[in-house]
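> Would you mind keeping the following structure in view while I ask a few things?
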Amino acid sequence: MRRALPPGFRREVDLLAIGASAGGIDALLRLFEGVAPGPRVAVVVVLHLPPGHDSQLAALLQQRLHWPAREASPGQPLAAGMLHVAPPGYHLLVEPDRTLSLSCEPPVHWSRPSIDVLLQSCADACGQRMAALVLTGANADGAAGLAAVAEAGGLTAVQEPAEAAHAAMPQAAIAATGPDFVLPLDGLRALVRALVEAPAP
């Protein structure tokens, strides 16, 4: 478990999965500030949202970050350089054929979409070719999912709890599996940049 990103760090991945809850919008905006979409890596995002309301999250991220962003829909293929955002009221999953699916299965940790559900599906679909980040939040969602990513050989990182708007979710993720990195958002931004901006081989 490292508290700093090594100089010149690089790792080839196809998928970056990110989970956040309370305080997550600000964290996502800071995480991607100044990071350009890359040619290889698709990004999937679960942010806990209240059900029954239209979400403007994809539009907000696209406007503020200048990344292509869209709300996930069933059968949609993962696209490199795209932010795929879970819609409210549905679990988001990545299938083995690298398409997206939605589920109305019961909430996990009182949340649908659930970070655990997303990360567990990503681990099954992408294994060591993925990275997962758990950010601020007020419950334990994401801990079991991050453990599944680690078990599958994927890269794991958690926001430094002392910096997070709500420390419970990062603390639970750290307790569940010693992640590869525990970093403040500035460090996580450098990690994301190293993952997504590397040129295609």
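FYI, nothing fancy with the structure tokens labels: chains A, B, ... in order, residues from 1 per chain, ligands from 1 as they appear.
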From a DSSP pass on the backbone, collect the residues of stretch 41-88 of chain A flagged as strand (DSSP E or B) and hand them back as a ChimeraX atom specification.

/A:42-47,69-71,77,83-85

> Store the residues picked out above in a file with C-alpha atoms, as a PDB file, in the first residue's frame.


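That gives us result.pdb:
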```pdb
ATOM      1  CA  ALA A  42     -12.832   3.469 -21.082  1.00  0.00           C
ATOM      2  CA  VAL A  43     -14.089   4.895 -17.784  1.00  0.00           C
ATOM      3  CA  VAL A  44     -17.172   3.705 -15.879  1.00  0.00           C
ATOM      4  CA  VAL A  45     -18.539   5.692 -12.965  1.00  0.00           C
ATOM      5  CA  VAL A  46     -21.027   4.885 -10.203  1.00  0.00           C
ATOM      6  CA  LEU A  47     -22.126   7.797  -8.064  1.00  0.00           C
ATOM      7  CA  ALA A  69     -19.712  11.411 -21.265  1.00  0.00           C
ATOM      8  CA  ARG A  70     -22.974   9.515 -21.526  1.00  0.00           C
ATOM      9  CA  GLU A  71     -25.423   7.726 -19.310  1.00  0.00           C
ATOM     10  CA  PRO A  77     -20.128  -1.121 -25.884  1.00  0.00           C
ATOM     11  CA  LEU A  83     -17.036   8.436 -19.307  1.00  0.00           C
ATOM     12  CA  HIS A  84     -19.874   5.916 -18.915  1.00  0.00           C
ATOM     13  CA  VAL A  85     -22.113   6.962 -16.004  1.00  0.00           C
TER      14      VAL A  85
END
```

> Counting only C-alpha atoms, what is within 10 Å of A:Leu102, bar same-chain residues fewer than 2 positions away, as a PyMOL selection string?

chain A and resi 72-75+86-87+89-94+100+104-105+113+118

> Write out, as a JSON list (two decimals), in the first residue's frame, the residues just selected, with C-alpha atoms.


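The result, written out as part.json:
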```json
[["chain", "number", "residue", "atom", "x", "y", "z"],
["A", 72, "ALA", "CA", -25.04, 3.98, -19.69],
["A", 73, "SER", "CA", -27.67, 1.96, -21.54],
["A", 74, "PRO", "CA", -28.04, -1.82, -22.03],
["A", 75, "GLY", "CA", -25.86, -3.32, -24.75],
["A", 86, "ALA", "CA", -24.59, 4.72, -14.16],
["A", 87, "PRO", "CA", -28.19, 5.98, -14.36],
["A", 89, "GLY", "CA", -32.11, 3.45, -9.92],
["A", 90, "TYR", "CA", -30.10, 0.79, -11.81],
["A", 91, "HIS", "CA", -27.01, -1.24, -11.07],
["A", 92, "LEU", "CA", -24.39, -0.85, -13.81],
["A", 93, "LEU", "CA", -22.40, -3.92, -14.89],
["A", 94, "VAL", "CA", -19.66, -4.59, -17.42],
["A", 100, "LEU", "CA", -22.73, -2.57, -20.46],
["A", 104, "CYS", "CA", -32.92, -3.80, -11.06],
["A", 105, "GLU", "CA", -31.65, -6.29, -8.46],
["A", 113, "PRO", "CA", -26.48, 1.78, -8.44],
["A", 118, "LEU", "CA", -20.00, -2.53, -10.75]]
```

> Pick out the closest residue to A:Ala27 from this set: A:Ala132, A:Ala172, A:Leu49, A:Leu61. Count only C-alpha atoms.

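Smallest separation from A:Ala27 among the options: A:Leu61.
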
> How many Å lie between atom CA of A:Leu29 and atom CA of A:Pro96, rounded to one decimal?

29.1 Å

> Using only C-alpha atoms, find the one residue out of A:Leu135, A:Met82, A:Ala4, A:Ala164 that sits nearest to A:Phe181.

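Among A:Leu135, A:Met82, A:Ala4, A:Ala164, it is A:Ala4 that comes nearest to A:Phe181.
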
> I need the residue nearest A:Arg112 from this list: A:Glu12, A:Ile18, A:Ala143, A:Pro88. Use only C-alpha atoms for the distance.

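Ranked by minimum distance to A:Arg112, first place goes to A:Pro88.
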
> Calculated over only C-alpha atoms, which of the candidates A:Gly81, A:Gly187, A:Gly19, A:Pro170 has the smallest distance to A:Ser111?

A:Gly19

> Find the distance between atom CA of A:Ala165 and atom CA of A:Asp26 and write it in Å to one decimal.

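These two atoms are separated by 9.3 Å.
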
> For a quick check of understanding, using only C-alpha atoms, which of A:His109, A:Arg30, A:Arg129, A:His66 has the smallest distance to A:Ala17?

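Closest candidate: A:Arg129.
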
> From the set A:Ala58, A:Val41, A:Ala194, A:Leu65, which residue has the shortest atom-to-atom contact distance to A:Leu16, counting only C-alpha atoms?

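Among the listed residues, A:Val41 lies closest to A:Leu16.
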
> Could you tell me how far atom CA of A:Pro6 lies from atom CA of A:Ala190, in Å and to one decimal?

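Separation between atom CA of A:Pro6 and atom CA of A:Ala190: 10.3 Å.
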
> With DSSP run on the backbone, what are the helix (DSSP H, G or I) residues within stretch 13-83 of chain A? I'd like them as a list in words.

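Filtering stretch 13-83 of chain A down to helix (DSSP H, G or I) leaves Gly24, Ile25, Asp26, Ala27, Leu28, Leu29, Arg30, Leu31, Phe32, Leu57, Ala58, Ala59, Leu60, Leu61, Gln62, Gln63, Arg64 and Leu65 of chain A.
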
> Compile the contact shell of A:Leu119 as a list in words: residues with an atom at most 7 Å away, counting only C-alpha atoms, same-chain residues fewer than 5 positions apart removed.

Ala17, Gly145, Leu146 and Val149 of chain A

> With C-alpha atoms retained, export the selected residues as a short mmCIF file (atom, residue, chain, number, x, y, z; two decimals), in the first residue's frame.


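That gives us selection.cif:
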```cif
data_model
loop_
_atom_site.label_atom_id
_atom_site.label_comp_id
_atom_site.auth_asym_id
_atom_site.auth_seq_id
_atom_site.Cartn_x
_atom_site.Cartn_y
_atom_site.Cartn_z
CA ALA A 17 -13.88 2.01 -12.77
CA GLY A 145 -15.88 -4.75 -5.06
CA LEU A 146 -12.36 -3.41 -4.61
CA VAL A 149 -10.63 -6.33 -8.33
#
```

> Within 12 Å of A:Asp14, counting only C-alpha atoms, which residues show up once you throw out same-chain ones fewer than 3 positions away? Write them as number ranges by chain, please.

A: 11, 17, 38-44, 78-82, 98, 122-123, 125-132, 154-155, 195-198, 200

> Quick one: write out the picked residues with C-alpha atoms as a PDB file, in the first residue's frame?


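What landed in again-v1.pdb:
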```
ATOM      1  CA  ARG A  11       0.420   0.548 -16.300  1.00  0.00           C
ATOM      2  CA  ALA A  17     -13.877   2.010 -12.769  1.00  0.00           C
ATOM      3  CA  GLY A  38      -6.871   8.794 -23.847  1.00  0.00           C
ATOM      4  CA  PRO A  39      -6.952   6.415 -26.812  1.00  0.00           C
ATOM      5  CA  ARG A  40      -7.187   3.130 -24.911  1.00  0.00           C
ATOM      6  CA  VAL A  41      -9.078   3.414 -21.641  1.00  0.00           C
ATOM      7  CA  ALA A  42     -12.832   3.469 -21.082  1.00  0.00           C
ATOM      8  CA  VAL A  43     -14.089   4.895 -17.784  1.00  0.00           C
ATOM      9  CA  VAL A  44     -17.172   3.705 -15.879  1.00  0.00           C
ATOM     10  CA  LEU A  78     -17.355   0.307 -23.759  1.00  0.00           C
ATOM     11  CA  ALA A  79     -15.704   3.153 -25.653  1.00  0.00           C
ATOM     12  CA  ALA A  80     -12.157   4.324 -25.041  1.00  0.00           C
ATOM     13  CA  GLY A  81     -11.925   7.960 -23.994  1.00  0.00           C
ATOM     14  CA  MET A  82     -15.539   7.968 -22.771  1.00  0.00           C
ATOM     15  CA  ARG A  98     -17.126  -5.471 -22.845  1.00  0.00           C
ATOM     16  CA  CYS A 122     -15.506  -5.335 -13.957  1.00  0.00           C
ATOM     17  CA  ALA A 123     -13.182  -7.740 -12.143  1.00  0.00           C
ATOM     18  CA  ALA A 125     -14.808  -9.011 -17.277  1.00  0.00           C
ATOM     19  CA  CYS A 126     -11.371  -7.374 -17.303  1.00  0.00           C
ATOM     20  CA  GLY A 127      -9.237  -8.859 -14.516  1.00  0.00           C
ATOM     21  CA  GLN A 128      -5.733  -7.446 -14.491  1.00  0.00           C
ATOM     22  CA  ARG A 129      -6.515  -5.164 -17.438  1.00  0.00           C
ATOM     23  CA  MET A 130      -8.435  -2.767 -15.203  1.00  0.00           C
ATOM     24  CA  ALA A 131      -8.001  -0.253 -12.413  1.00  0.00           C
ATOM     25  CA  ALA A 132     -10.526   0.703  -9.725  1.00  0.00           C
ATOM     26  CA  GLY A 154      -6.448  -5.359 -11.158  1.00  0.00           C
ATOM     27  CA  LEU A 155      -4.934  -2.122  -9.875  1.00  0.00           C
ATOM     28  CA  LEU A 195      -3.393   5.319 -16.899  1.00  0.00           C
ATOM     29  CA  VAL A 196      -5.470   7.126 -19.514  1.00  0.00           C
ATOM     30  CA  GLU A 197      -3.039   9.433 -21.310  1.00  0.00           C
ATOM     31  CA  ALA A 198      -0.423   6.820 -22.203  1.00  0.00           C
ATOM     32  CA  ALA A 200      -1.622   3.095 -27.466  1.00  0.00           C
TER      33      ALA A 200
END
```
